[in-house]
file final_23.pdb (PDB, C-alpha atoms and all ligand atoms)
MODEL        1
ATOM      1  CA  MET T 439      -5.364 -23.480  -0.699
ATOM      2  CA  LEU T 440      -4.195 -19.986  -1.489
ATOM      3  CA  ASP T 441      -3.622 -20.128  -5.227
ATOM      4  CA  LEU T 442      -3.106 -17.084  -7.433
ATOM      5  CA  THR T 443      -2.102 -19.029 -10.532
ATOM      6  CA  GLY T 444      -3.328 -17.256 -13.659
ATOM      7  CA  LYS T 445      -3.964 -13.990 -11.818
ATOM      8  CA  ASN T 446      -2.292 -10.758 -12.904
ATOM      9  CA  ALA T 447      -1.264  -8.549  -9.997
ATOM     10  CA  LEU T 448       0.133  -5.029 -10.225
ATOM     11  CA  VAL T 449       2.222  -3.994  -7.202
ATOM     12  CA  THR T 450       3.048  -0.352  -6.470
ATOM     13  CA  GLY T 451       5.308   0.979  -3.731
ATOM     14  CA  ILE T 452       8.476  -1.132  -3.786
ATOM     15  CA  ALA T 453      11.449   1.107  -2.919
ATOM     16  CA  ASN T 454      13.839  -1.389  -1.305
ATOM     17  CA  ASN T 455      14.016  -4.724   0.496
ATOM     18  CA  ARG T 456      12.363  -3.262   3.610
ATOM     19  CA  SER T 457       9.281  -2.080   1.725
ATOM     20  CA  ILE T 458       5.984  -3.647   2.739
ATOM     21  CA  ALA T 459       5.216  -3.864  -0.998
ATOM     22  CA  TRP T 460       8.289  -6.088  -1.372
ATOM     23  CA  GLY T 461       6.882  -8.465   1.262
ATOM     24  CA  ILE T 462       3.579  -8.461  -0.594
ATOM     25  CA  ALA T 463       5.183  -9.031  -4.010
ATOM     26  CA  GLN T 464       7.114 -12.039  -2.670
ATOM     27  CA  GLN T 465       3.980 -13.669  -1.243
ATOM     28  CA  LEU T 466       1.929 -12.996  -4.393
ATOM     29  CA  HIS T 467       4.714 -14.562  -6.435
ATOM     30  CA  ALA T 468       4.924 -17.552  -4.074
ATOM     31  CA  ALA T 469       1.179 -18.106  -4.571
ATOM     32  CA  GLY T 470       1.681 -18.207  -8.344
ATOM     33  CA  ALA T 471       0.594 -14.706  -9.424
ATOM     34  CA  ASN T 472       1.926 -13.095 -12.566
ATOM     35  CA  LEU T 473       3.473  -9.847 -11.333
ATOM     36  CA  GLY T 474       3.729  -6.314 -12.634
ATOM     37  CA  VAL T 475       5.816  -3.853 -10.654
ATOM     38  CA  THR T 476       5.771  -0.059 -10.685
ATOM     39  CA  TYR T 477       8.359   2.239  -9.127
ATOM     40  CA  LEU T 478       8.643   5.967  -8.419
ATOM     41  CA  PRO T 479      11.056   7.299 -11.050
ATOM     42  CA  ASP T 480      13.796   9.781 -10.172
ATOM     43  CA  GLU T 481      16.011  11.861 -12.456
ATOM     44  CA  ARG T 482      19.098   9.691 -12.111
ATOM     45  CA  GLY T 483      17.271   6.401 -12.632
ATOM     46  CA  ARG T 484      18.516   5.069  -9.288
ATOM     47  CA  MET T 485      15.139   3.814  -8.107
ATOM     48  CA  GLU T 486      14.533   2.066 -11.420
ATOM     49  CA  LYS T 487      17.810   0.144 -11.124
ATOM     50  CA  LYS T 488      17.378  -0.667  -7.455
ATOM     51  CA  VAL T 489      13.819  -1.970  -7.831
ATOM     52  CA  ALA T 490      14.665  -3.826 -11.075
ATOM     53  CA  ASP T 491      17.577  -5.646  -9.385
ATOM     54  CA  LEU T 492      15.520  -6.457  -6.296
ATOM     55  CA  THR T 493      12.465  -7.783  -8.138
ATOM     56  CA  GLU T 494      14.299  -9.684 -10.885
ATOM     57  CA  PRO T 495      13.980 -13.064  -9.082
ATOM     58  CA  LEU T 496      10.186 -12.636  -9.128
ATOM     59  CA  THR T 497      10.311 -12.283 -12.933
ATOM     60  CA  PRO T 498       7.736  -9.481 -13.255
ATOM     61  CA  SER T 499       6.276  -9.409 -16.764
ATOM     62  CA  LEU T 500       5.686  -5.659 -16.476
ATOM     63  CA  PHE T 501       8.069  -3.111 -14.954
ATOM     64  CA  LEU T 502       6.896   0.484 -15.201
ATOM     65  CA  PRO T 503       7.543   3.995 -13.850
ATOM     66  CA  CYS T 504       4.479   5.374 -12.081
ATOM     67  CA  ASN T 505       4.460   8.578 -10.076
ATOM     68  CA  VAL T 506       0.868   8.806  -8.831
ATOM     69  CA  GLN T 507       1.039  12.611  -9.057
ATOM     70  CA  ASP T 508       1.543  12.326 -12.812
ATOM     71  CA  ASP T 509      -1.723  11.528 -14.625
ATOM     72  CA  GLU T 510       0.090  10.669 -17.872
ATOM     73  CA  GLN T 511       2.266   8.105 -16.115
ATOM     74  CA  VAL T 512      -0.757   6.546 -14.431
ATOM     75  CA  GLN T 513      -2.549   6.343 -17.766
ATOM     76  CA  ALA T 514       0.532   4.874 -19.475
ATOM     77  CA  THR T 515       0.864   2.271 -16.716
ATOM     78  CA  PHE T 516      -2.655   0.949 -17.159
ATOM     79  CA  GLU T 517      -2.412   1.162 -20.944
ATOM     80  CA  ALA T 518       0.667  -1.083 -20.709
ATOM     81  CA  VAL T 519      -1.284  -3.489 -18.456
ATOM     82  CA  LYS T 520      -4.088  -3.587 -21.031
ATOM     83  CA  GLN T 521      -1.702  -4.212 -23.932
ATOM     84  CA  LYS T 522       0.341  -6.878 -22.148
ATOM     85  CA  TRP T 523      -2.230  -8.679 -20.006
ATOM     86  CA  GLY T 524      -5.646  -7.684 -21.331
ATOM     87  CA  LYS T 525      -7.071  -7.867 -17.794
ATOM     88  CA  LEU T 526      -6.005  -7.053 -14.277
ATOM     89  CA  ASP T 527      -7.003  -9.189 -11.271
ATOM     90  CA  SER T 528      -5.268  -7.486  -8.364
ATOM     91  CA  LEU T 529      -3.956  -4.022  -7.617
ATOM     92  CA  ILE T 530      -1.733  -3.385  -4.613
ATOM     93  CA  HIS T 531      -1.680   0.254  -3.519
ATOM     94  CA  CYS T 532       1.230   0.409  -1.077
ATOM     95  CA  LEU T 533       2.493   3.981  -1.098
ATOM     96  CA  ALA T 534       2.326   7.140   0.926
ATOM     97  CA  PHE T 535       4.231  10.375   1.385
ATOM     98  CA  ALA T 536       4.244  13.402   3.674
ATOM     99  CA  ASN T 537       6.914  16.046   4.179
ATOM    100  CA  ARG T 538       9.238  15.015   7.010
ATOM    101  CA  ASP T 539       8.525  18.350   8.795
ATOM    102  CA  ASP T 540       4.875  17.378   9.016
ATOM    103  CA  LEU T 541       5.633  14.058  10.734
ATOM    104  CA  THR T 542       6.904  15.540  13.960
ATOM    105  CA  GLY T 543       5.980  18.381  16.290
ATOM    106  CA  ASN T 544       2.621  20.090  16.409
ATOM    107  CA  PHE T 545      -0.124  18.897  14.072
ATOM    108  CA  SER T 546      -1.591  22.426  14.130
ATOM    109  CA  ASP T 547       1.558  23.676  12.344
ATOM    110  CA  THR T 548       0.768  21.623   9.210
ATOM    111  CA  SER T 549       1.006  23.846   6.116
ATOM    112  CA  ARG T 550      -1.615  23.959   3.377
ATOM    113  CA  GLU T 551       0.954  22.621   0.919
ATOM    114  CA  GLY T 552       2.015  19.822   3.280
ATOM    115  CA  PHE T 553      -1.587  18.824   3.888
ATOM    116  CA  GLN T 554      -2.372  18.758   0.170
ATOM    117  CA  THR T 555       0.758  16.765  -0.676
ATOM    118  CA  ALA T 556       0.080  14.103   1.965
ATOM    119  CA  LEU T 557      -3.579  13.749   1.046
ATOM    120  CA  GLU T 558      -2.950  13.726  -2.698
ATOM    121  CA  ILE T 559      -0.183  11.125  -2.732
ATOM    122  CA  SER T 560      -1.374   8.965   0.152
ATOM    123  CA  ALA T 561      -5.163   9.010  -0.272
ATOM    124  CA  TYR T 562      -6.327  10.445  -3.599
ATOM    125  CA  SER T 563      -3.919   8.127  -5.419
ATOM    126  CA  LEU T 564      -6.106   5.139  -4.475
ATOM    127  CA  VAL T 565      -9.066   6.763  -6.216
ATOM    128  CA  LYS T 566      -6.946   7.555  -9.263
ATOM    129  CA  LEU T 567      -5.526   4.036  -9.532
ATOM    130  CA  ALA T 568      -8.931   2.415  -8.950
ATOM    131  CA  GLN T 569     -10.392   4.634 -11.694
ATOM    132  CA  ALA T 570      -7.734   3.390 -14.115
ATOM    133  CA  ALA T 571      -7.963  -0.253 -12.977
ATOM    134  CA  LYS T 572     -11.762  -0.513 -13.154
ATOM    135  CA  PRO T 573     -12.084  -1.048 -16.941
ATOM    136  CA  LEU T 574      -9.404  -3.751 -16.755
ATOM    137  CA  MET T 575     -11.296  -5.646 -14.051
ATOM    138  CA  ALA T 576     -14.320  -6.594 -16.139
ATOM    139  CA  ASP T 577     -14.224 -10.127 -14.649
ATOM    140  CA  GLY T 578     -13.953  -8.724 -11.125
ATOM    141  CA  GLY T 579     -10.834  -8.092  -9.106
ATOM    142  CA  SER T 580      -9.275  -7.156  -5.812
ATOM    143  CA  ILE T 581      -7.773  -3.834  -4.773
ATOM    144  CA  VAL T 582      -5.716  -3.763  -1.584
ATOM    145  CA  THR T 583      -4.264  -0.716   0.147
ATOM    146  CA  LEU T 584      -2.069  -0.234   3.209
ATOM    147  CA  THR T 585      -3.136   1.807   6.180
ATOM    148  CA  TYR T 586      -2.220   2.400   9.829
ATOM    149  CA  LEU T 587      -3.985   2.806  13.177
ATOM    150  CA  GLY T 588      -2.955   6.493  13.177
ATOM    151  CA  GLY T 589      -5.855   7.061  10.772
ATOM    152  CA  VAL T 590      -8.336   5.995  13.455
ATOM    153  CA  ARG T 591      -6.670   7.101  16.706
ATOM    154  CA  VAL T 592      -4.167   9.787  17.600
ATOM    155  CA  VAL T 593      -0.607   8.477  17.431
ATOM    156  CA  PRO T 594       2.024  11.089  18.399
ATOM    157  CA  ASN T 595       3.906  12.535  15.388
ATOM    158  CA  TYR T 596       1.832  10.646  12.794
ATOM    159  CA  ASN T 597      -0.012  13.954  12.378
ATOM    160  CA  VAL T 598      -1.058  14.760   8.791
ATOM    161  CA  MET T 599      -0.495  11.164   7.717
ATOM    162  CA  GLY T 600      -3.236  10.172  10.157
ATOM    163  CA  ILE T 601      -5.626  12.466   8.314
ATOM    164  CA  ALA T 602      -4.493  10.951   5.014
ATOM    165  CA  LYS T 603      -5.064   7.417   6.336
ATOM    166  CA  ALA T 604      -8.537   8.370   7.610
ATOM    167  CA  ALA T 605      -9.356   9.595   4.089
ATOM    168  CA  LEU T 606      -7.787   6.485   2.592
ATOM    169  CA  GLU T 607      -9.936   4.202   4.770
ATOM    170  CA  MET T 608     -13.102   6.033   3.700
ATOM    171  CA  ASN T 609     -11.910   5.739   0.094
ATOM    172  CA  VAL T 610     -11.848   1.972   0.667
ATOM    173  CA  ARG T 611     -15.497   1.997   1.766
ATOM    174  CA  TYR T 612     -16.815   4.282  -0.985
ATOM    175  CA  LEU T 613     -14.890   2.396  -3.665
ATOM    176  CA  ALA T 614     -16.024  -0.975  -2.287
ATOM    177  CA  SER T 615     -19.636   0.184  -2.375
ATOM    178  CA  GLU T 616     -19.429   1.501  -5.938
ATOM    179  CA  LEU T 617     -17.339  -1.295  -7.439
ATOM    180  CA  GLY T 618     -18.942  -4.224  -5.616
ATOM    181  CA  PRO T 619     -21.631  -4.804  -8.256
ATOM    182  CA  GLN T 620     -18.755  -5.290 -10.756
ATOM    183  CA  LYS T 621     -17.278  -7.932  -8.424
ATOM    184  CA  ILE T 622     -14.350  -5.672  -7.639
ATOM    185  CA  ARG T 623     -13.445  -5.930  -3.959
ATOM    186  CA  VAL T 624     -11.573  -3.156  -2.137
ATOM    187  CA  ASN T 625      -9.923  -3.675   1.251
ATOM    188  CA  GLY T 626      -7.224  -2.206   3.456
ATOM    189  CA  VAL T 627      -4.567  -3.899   5.545
ATOM    190  CA  SER T 628      -3.695  -1.942   8.670
ATOM    191  CA  ALA T 629      -0.139  -2.956   9.481
ATOM    192  CA  GLY T 630       1.613  -2.483  12.800
ATOM    193  CA  PRO T 631       4.749  -0.296  12.765
ATOM    194  CA  ILE T 632       7.627  -1.712  10.698
ATOM    195  CA  ARG T 633      10.973  -0.017  10.005
ATOM    196  CA  THR T 634      10.965   1.152   6.396
ATOM    197  CA  LEU T 635      12.073   4.183   4.402
ATOM    198  CA  ALA T 636       8.664   5.829   4.789
ATOM    199  CA  SER T 637       8.229   5.029   8.483
ATOM    200  CA  SER T 638      11.700   6.355   9.331
ATOM    201  CA  ALA T 639      10.336   9.826   8.541
ATOM    202  CA  VAL T 640       7.794   9.528  11.374
ATOM    203  CA  GLY T 641       9.208  11.039  14.572
ATOM    204  CA  GLY T 642       9.817   8.406  17.282
ATOM    205  CA  ILE T 643       9.143   5.355  15.092
ATOM    206  CA  LEU T 644      11.521   3.206  17.166
ATOM    207  CA  ASP T 645       9.617   4.107  20.348
ATOM    208  CA  MET T 646       6.396   3.098  18.592
ATOM    209  CA  ILE T 647       7.909  -0.260  17.667
ATOM    210  CA  HIS T 648       9.186  -0.875  21.211
ATOM    211  CA  HIS T 649       5.799   0.051  22.647
ATOM    212  CA  VAL T 650       4.097  -2.519  20.397
ATOM    213  CA  GLU T 651       6.646  -5.145  21.468
ATOM    214  CA  GLU T 652       5.733  -4.498  25.102
ATOM    215  CA  VAL T 653       1.967  -4.155  24.821
ATOM    216  CA  ALA T 654       0.626  -6.066  21.804
ATOM    217  CA  PRO T 655      -0.931  -9.462  22.624
ATOM    218  CA  LEU T 656       1.725 -11.247  20.544
ATOM    219  CA  ARG T 657       4.505  -9.143  22.216
ATOM    220  CA  ARG T 658       6.225  -8.428  18.916
ATOM    221  CA  THR T 659       5.856  -6.394  15.763
ATOM    222  CA  VAL T 660       4.875  -7.884  12.425
ATOM    223  CA  THR T 661       6.987  -8.545   9.355
ATOM    224  CA  GLN T 662       6.539  -7.426   5.764
ATOM    225  CA  LEU T 663       5.918 -11.061   4.814
ATOM    226  CA  GLU T 664       3.079 -11.391   7.340
ATOM    227  CA  VAL T 665       1.446  -8.325   5.808
ATOM    228  CA  GLY T 666       2.132  -9.911   2.421
ATOM    229  CA  ASN T 667       0.293 -13.081   3.454
ATOM    230  CA  THR T 668      -2.850 -11.117   4.303
ATOM    231  CA  ALA T 669      -2.616  -9.109   1.081
ATOM    232  CA  ALA T 670      -2.272 -12.367  -0.883
ATOM    233  CA  PHE T 671      -5.338 -13.755   0.922
ATOM    234  CA  LEU T 672      -7.289 -10.601   0.003
ATOM    235  CA  CYS T 673      -6.242 -11.042  -3.639
ATOM    236  CA  SER T 674      -7.332 -14.681  -3.642
ATOM    237  CA  ASP T 675     -10.733 -16.313  -4.012
ATOM    238  CA  LEU T 676     -10.457 -17.414  -0.361
ATOM    239  CA  SER T 677     -11.557 -13.876   0.588
ATOM    240  CA  SER T 678     -14.367 -13.716  -2.004
ATOM    241  CA  GLY T 679     -16.931 -12.530   0.558
ATOM    242  CA  ILE T 680     -14.815  -9.719   2.014
ATOM    243  CA  THR T 681     -14.954  -6.120   0.794
ATOM    244  CA  GLY T 682     -14.807  -2.623   2.274
ATOM    245  CA  GLN T 683     -12.870  -3.902   5.302
ATOM    246  CA  ILE T 684      -9.772  -2.827   7.152
ATOM    247  CA  ILE T 685      -7.950  -5.913   8.427
ATOM    248  CA  TYR T 686      -5.417  -5.378  11.224
ATOM    249  CA  VAL T 687      -2.093  -7.189  10.894
ATOM    250  CA  ASP T 688      -0.527  -5.714  14.011
ATOM    251  CA  SER T 689       0.060  -8.534  16.537
ATOM    252  CA  GLY T 690      -3.309  -7.579  18.034
ATOM    253  CA  TYR T 691      -2.212  -4.110  19.198
ATOM    254  CA  GLU T 692      -5.438  -2.464  17.992
ATOM    255  CA  ILE T 693      -7.603  -4.189  20.622
ATOM    256  CA  MET T 694      -5.644  -2.801  23.578
ATOM    257  CA  GLY T 695      -6.888   0.136  25.628
ATOM    258  CA  MET T 696      -3.646   0.467  27.602
TER     259      MET T 696
HETATM  260  N1  LIG A 701       6.071   0.919   7.795
HETATM  261  C1  LIG A 701       5.032   0.998   8.602
HETATM  262  O1  LIG A 701       5.187   1.003   9.825
HETATM  263  C2  LIG A 701       3.643   1.043   8.039
HETATM  264  C3  LIG A 701       2.542   0.702   8.858
HETATM  265  C4  LIG A 701       1.270   0.756   8.320
HETATM  266  C5  LIG A 701       1.077   1.156   7.015
HETATM  267  N2  LIG A 701       2.160   1.487   6.238
HETATM  268  C6  LIG A 701       1.913   1.902   4.868
HETATM  269  O2  LIG A 701       2.514   0.991   3.969
HETATM  270  C7  LIG A 701       2.714   1.646   2.728
HETATM  271  C8  LIG A 701       4.132   1.372   2.238
HETATM  272  O3  LIG A 701       5.074   2.035   3.071
HETATM  273  P1  LIG A 701       6.399   1.352   3.615
HETATM  274  O4  LIG A 701       6.382   1.505   5.101
HETATM  275  O5  LIG A 701       6.585   0.010   3.026
HETATM  276  O6  LIG A 701       7.539   2.351   3.129
HETATM  277  P2  LIG A 701       8.364   2.458   1.749
HETATM  278  O7  LIG A 701       9.128   3.728   1.854
HETATM  279  O8  LIG A 701       9.138   1.236   1.495
HETATM  280  O9  LIG A 701       7.223   2.577   0.666
HETATM  281  C9  LIG A 701       6.596   3.791   0.334
HETATM  282  C10 LIG A 701       6.506   3.823  -1.166
HETATM  283  O10 LIG A 701       5.752   4.949  -1.601
HETATM  284  C11 LIG A 701       6.309   5.305  -2.849
HETATM  285  N3  LIG A 701       5.875   6.648  -3.243
HETATM  286  C12 LIG A 701       5.994   7.813  -2.556
HETATM  287  N4  LIG A 701       5.508   8.833  -3.300
HETATM  288  C13 LIG A 701       5.048   8.293  -4.472
HETATM  289  C14 LIG A 701       4.462   8.810  -5.641
HETATM  290  N5  LIG A 701       4.236  10.133  -5.789
HETATM  291  N6  LIG A 701       4.119   7.975  -6.652
HETATM  292  C15 LIG A 701       4.361   6.645  -6.535
HETATM  293  N7  LIG A 701       4.932   6.074  -5.452
HETATM  294  C16 LIG A 701       5.277   6.895  -4.440
HETATM  295  C17 LIG A 701       7.802   5.215  -2.604
HETATM  296  O11 LIG A 701       8.516   5.177  -3.812
HETATM  297  C18 LIG A 701       7.887   3.921  -1.825
HETATM  298  O12 LIG A 701       8.060   2.834  -2.701
HETATM  299  C19 LIG A 701       2.378   3.116   2.960
HETATM  300  O13 LIG A 701       1.058   3.369   2.586
HETATM  301  C20 LIG A 701       2.500   3.232   4.470
HETATM  302  O14 LIG A 701       1.774   4.327   5.005
HETATM  303  C21 LIG A 701       3.419   1.430   6.722
ENDMDL
END

call {"tool": "encode", "arguments": {"input": "final_23.pdb", "output": "structure tokens"}}
result
Amino acid sequence: MLDLTGKNALVTGIANNRSIAWGIAQQLHAAGANLGVTYLPDERGRMEKKVADLTEPLTPSLFLPCNVQDDEQVQATFEAVKQKWGKLDSLIHCLAFANRDDLTGNFSDTSREGFQTALEISAYSLVKLAQAAKPLMADGGSIVTLTYLGGVRVVPNYNVMGIAKAALEMNVRYLASELGPQKIRVNGVSAGPIRTLASSAVGGILDMIHHVEEVAPLRRTVTQLEVGNTAAFLCSDLSSGITGQIIYVDSGYEIMGM
């Protein structure tokens, strides 16, 4: 049975009730995990309020601002985890960002700044968070990130985010190799297209969703909760032999050639 009782799980990337991280947080909570939630702070405190209201029913015992571009905030987040929990069992990395202009049109027009921003927030952040989580996972742990097929194959308009996801997926393998001896497992979930705040910035996202509905073996897209189920499995002892993998939760779309 999937049981996360007694496990401390830190979830990043909840922005609203469409967020994949929200689906993951709900399934971790349902399996009995003790949750910590981080959010991307903004000047007016809107995100803080929105995410606090949304996650309240899951009774997170930690609720922290964490912009992954801000080293001090990352450090403060993991310091708070150490003080409150002593150890961390699971880390959910469920965030990404690229400038909207870079998610449509010609990939060759990507600016240096746009490339750096996408790679820093969407890929380097996993390294940064794993670095901070490692000392808190002395008894082992599980790190799970979210990726997309556009990091392996060309998907129109995904552009620079595809490069970021390719880097992210290699991060998974290098981190899994290094942290394995410490019993820390690192895996990625490659989700099919889902309408969210982040995906709405990708040109033609609705066409992508309709295409999956027509072509994928299951003839439908996936839900945030289905992605959450796989993330919960990867955080649980049921997946104790799995590390360095990218698991597709995409209604089978990835196997299709046409
Ligand atoms: N929606 C999809 O179709 C889909 C498919 C496959 C993978 N993914 C991946 O799932 C993850 C979550 O995206 P989503 O679709 O749920 O969208 P979302 O907009 O709900 O989540 C993206 C999150 O990233 C956070 N974020 C952005 N910049 C940040 C920063 N500097 N520091 C901290 N947090 C930051 C946002 O606050 C937001 O919570 C992303 O990695 C995305 O690439 C999404």

call {"tool": "residues_around", "arguments": {"input": "final_23.pdb", "residues": "Ile458 (chain T)", "least_positions_apart": "3", "cutoff": "9 Å", "atoms": "all atoms listed in the file", "output": "list in words"}}
result
Gly451, Ile452, Asn455, Gly461, Ile462, Ala463, Cys532, Leu584, Ile632, Thr634, Thr661, Gln662, Leu663, Val665 and Gly666 of chain T

call {"tool": "atom_distance", "arguments": {"input": "final_23.pdb", "atom1": "CA of Tyr596 (chain T)", "atom2": "CA of Leu672 (chain T)"}}
result
26.4 Å

call {"tool": "closest_atom_pairs", "arguments": {"input": "final_23.pdb", "of": "chain T", "to": "ligand LIG 701 (chain A)", "cutoff": "7 Å", "atoms": "only C-alpha atoms and all ligand atoms", "output": "JSON lines"}}
result
{"residue": "T:Thr450", "atom": "CA", "partner": "A:LIG701", "partner_atom": "N7", "distance": 6.8}
{"residue": "T:Gly451", "atom": "CA", "partner": "A:LIG701", "partner_atom": "O12", "distance": 3.5}
{"residue": "T:Ile452", "atom": "CA", "partner": "A:LIG701", "partner_atom": "O12", "distance": 4.1}
{"residue": "T:Ala453", "atom": "CA", "partner": "A:LIG701", "partner_atom": "O12", "distance": 3.8}
{"residue": "T:Asn454", "atom": "CA", "partner": "A:LIG701", "partner_atom": "O8", "distance": 6.1}
{"residue": "T:Arg456", "atom": "CA", "partner": "A:LIG701", "partner_atom": "O8", "distance": 5.9}
{"residue": "T:Ser457", "atom": "CA", "partner": "A:LIG701", "partner_atom": "O8", "distance": 3.3}
{"residue": "T:Ile458", "atom": "CA", "partner": "A:LIG701", "partner_atom": "O5", "distance": 3.7}
{"residue": "T:Ala459", "atom": "CA", "partner": "A:LIG701", "partner_atom": "O5", "distance": 5.8}
{"residue": "T:Tyr477", "atom": "CA", "partner": "A:LIG701", "partner_atom": "O11", "distance": 6.1}
{"residue": "T:Leu478", "atom": "CA", "partner": "A:LIG701", "partner_atom": "O11", "distance": 4.7}
{"residue": "T:Cys504", "atom": "CA", "partner": "A:LIG701", "partner_atom": "C15", "distance": 5.7}
{"residue": "T:Asn505", "atom": "CA", "partner": "A:LIG701", "partner_atom": "N6", "distance": 3.5}
{"residue": "T:Val506", "atom": "CA", "partner": "A:LIG701", "partner_atom": "N6", "distance": 4.0}
{"residue": "T:Gln507", "atom": "CA", "partner": "A:LIG701", "partner_atom": "N5", "distance": 5.2}
{"residue": "T:Cys532", "atom": "CA", "partner": "A:LIG701", "partner_atom": "C7", "distance": 4.3}
{"residue": "T:Leu533", "atom": "CA", "partner": "A:LIG701", "partner_atom": "O10", "distance": 3.4}
{"residue": "T:Ala534", "atom": "CA", "partner": "A:LIG701", "partner_atom": "O13", "distance": 4.3}
{"residue": "T:Phe535", "atom": "CA", "partner": "A:LIG701", "partner_atom": "C12", "distance": 5.0}
{"residue": "T:Ile559", "atom": "CA", "partner": "A:LIG701", "partner_atom": "N5", "distance": 5.5}
{"residue": "T:Ser560", "atom": "CA", "partner": "A:LIG701", "partner_atom": "O13", "distance": 6.6}
{"residue": "T:Leu584", "atom": "CA", "partner": "A:LIG701", "partner_atom": "O2", "distance": 4.8}
{"residue": "T:Thr585", "atom": "CA", "partner": "A:LIG701", "partner_atom": "C5", "distance": 4.3}
{"residue": "T:Tyr586", "atom": "CA", "partner": "A:LIG701", "partner_atom": "C4", "distance": 4.1}
{"residue": "T:Ser628", "atom": "CA", "partner": "A:LIG701", "partner_atom": "C4", "distance": 5.7}
{"residue": "T:Ala629", "atom": "CA", "partner": "A:LIG701", "partner_atom": "C4", "distance": 4.1}
{"residue": "T:Gly630", "atom": "CA", "partner": "A:LIG701", "partner_atom": "C3", "distance": 5.2}
{"residue": "T:Pro631", "atom": "CA", "partner": "A:LIG701", "partner_atom": "O1", "distance": 3.2}
{"residue": "T:Ile632", "atom": "CA", "partner": "A:LIG701", "partner_atom": "O1", "distance": 3.8}
{"residue": "T:Arg633", "atom": "CA", "partner": "A:LIG701", "partner_atom": "N1", "distance": 5.5}
{"residue": "T:Thr634", "atom": "CA", "partner": "A:LIG701", "partner_atom": "O4", "distance": 4.8}
{"residue": "T:Leu635", "atom": "CA", "partner": "A:LIG701", "partner_atom": "O7", "distance": 3.9}
{"residue": "T:Ala636", "atom": "CA", "partner": "A:LIG701", "partner_atom": "O7", "distance": 3.6}
{"residue": "T:Ser637", "atom": "CA", "partner": "A:LIG701", "partner_atom": "N1", "distance": 4.7}

call {"tool": "residues_around", "arguments": {"input": "final_23.pdb", "residues": "region 605-615 of chain T", "least_positions_apart": "4", "cutoff": "10 Å", "atoms": "only C-alpha atoms", "output": "ChimeraX atom specification"}}
result
/T:557,560-565,568-569,580-586,589-590,599-601,619-628,680-684

call {"tool": "residues_around", "arguments": {"input": "final_23.pdb", "residues": "region 690-693 of chain T", "least_positions_apart": "2", "cutoff": "6 Å", "atoms": "only C-alpha atoms", "output": "MDAnalysis selection string"}}
result
chainID T and resid 654:655 688

call {"tool": "build_atoms", "arguments": {"input": "final_23.pdb", "residues": "region 662-673 of chain T", "atoms": "N, CA and C atoms", "output": "PDB file, in the frame of the given file"}}
result
ATOM      1  N   GLN T 662       7.066  -7.742   7.093  1.00  0.00           N
ATOM      2  CA  GLN T 662       6.539  -7.426   5.764  1.00  0.00           C
ATOM      3  C   GLN T 662       5.885  -8.662   5.142  1.00  0.00           C
ATOM      4  N   LEU T 663       6.475  -9.837   5.412  1.00  0.00           N
ATOM      5  CA  LEU T 663       5.918 -11.061   4.814  1.00  0.00           C
ATOM      6  C   LEU T 663       4.564 -11.423   5.430  1.00  0.00           C
ATOM      7  N   GLU T 664       4.392 -11.131   6.718  1.00  0.00           N
ATOM      8  CA  GLU T 664       3.079 -11.391   7.340  1.00  0.00           C
ATOM      9  C   GLU T 664       2.013 -10.488   6.730  1.00  0.00           C
ATOM     10  N   VAL T 665       2.382  -9.233   6.478  1.00  0.00           N
ATOM     11  CA  VAL T 665       1.446  -8.325   5.808  1.00  0.00           C
ATOM     12  C   VAL T 665       1.185  -8.851   4.393  1.00  0.00           C
ATOM     13  N   GLY T 666       2.253  -9.349   3.765  1.00  0.00           N
ATOM     14  CA  GLY T 666       2.132  -9.911   2.421  1.00  0.00           C
ATOM     15  C   GLY T 666       1.184 -11.093   2.370  1.00  0.00           C
ATOM     16  N   ASN T 667       1.206 -11.924   3.417  1.00  0.00           N
ATOM     17  CA  ASN T 667       0.293 -13.081   3.454  1.00  0.00           C
ATOM     18  C   ASN T 667      -1.157 -12.632   3.452  1.00  0.00           C
ATOM     19  N   THR T 668      -1.462 -11.591   4.241  1.00  0.00           N
ATOM     20  CA  THR T 668      -2.850 -11.117   4.303  1.00  0.00           C
ATOM     21  C   THR T 668      -3.248 -10.461   2.984  1.00  0.00           C
ATOM     22  N   ALA T 669      -2.322  -9.727   2.384  1.00  0.00           N
ATOM     23  CA  ALA T 669      -2.616  -9.109   1.081  1.00  0.00           C
ATOM     24  C   ALA T 669      -2.877 -10.199   0.034  1.00  0.00           C
ATOM     25  N   ALA T 670      -2.080 -11.267   0.072  1.00  0.00           N
ATOM     26  CA  ALA T 670      -2.272 -12.367  -0.883  1.00  0.00           C
ATOM     27  C   ALA T 670      -3.635 -13.023  -0.668  1.00  0.00           C
ATOM     28  N   PHE T 671      -4.004 -13.203   0.592  1.00  0.00           N
ATOM     29  CA  PHE T 671      -5.338 -13.755   0.922  1.00  0.00           C
ATOM     30  C   PHE T 671      -6.433 -12.855   0.347  1.00  0.00           C
ATOM     31  N   LEU T 672      -6.265 -11.539   0.509  1.00  0.00           N
ATOM     32  CA  LEU T 672      -7.289 -10.601   0.003  1.00  0.00           C
ATOM     33  C   LEU T 672      -7.338 -10.576  -1.527  1.00  0.00           C
ATOM     34  N   CYS T 673      -6.251 -10.965  -2.171  1.00  0.00           N
ATOM     35  CA  CYS T 673      -6.242 -11.042  -3.639  1.00  0.00           C
ATOM     36  C   CYS T 673      -6.804 -12.376  -4.125  1.00  0.00           C
TER      37      CYS T 673
END
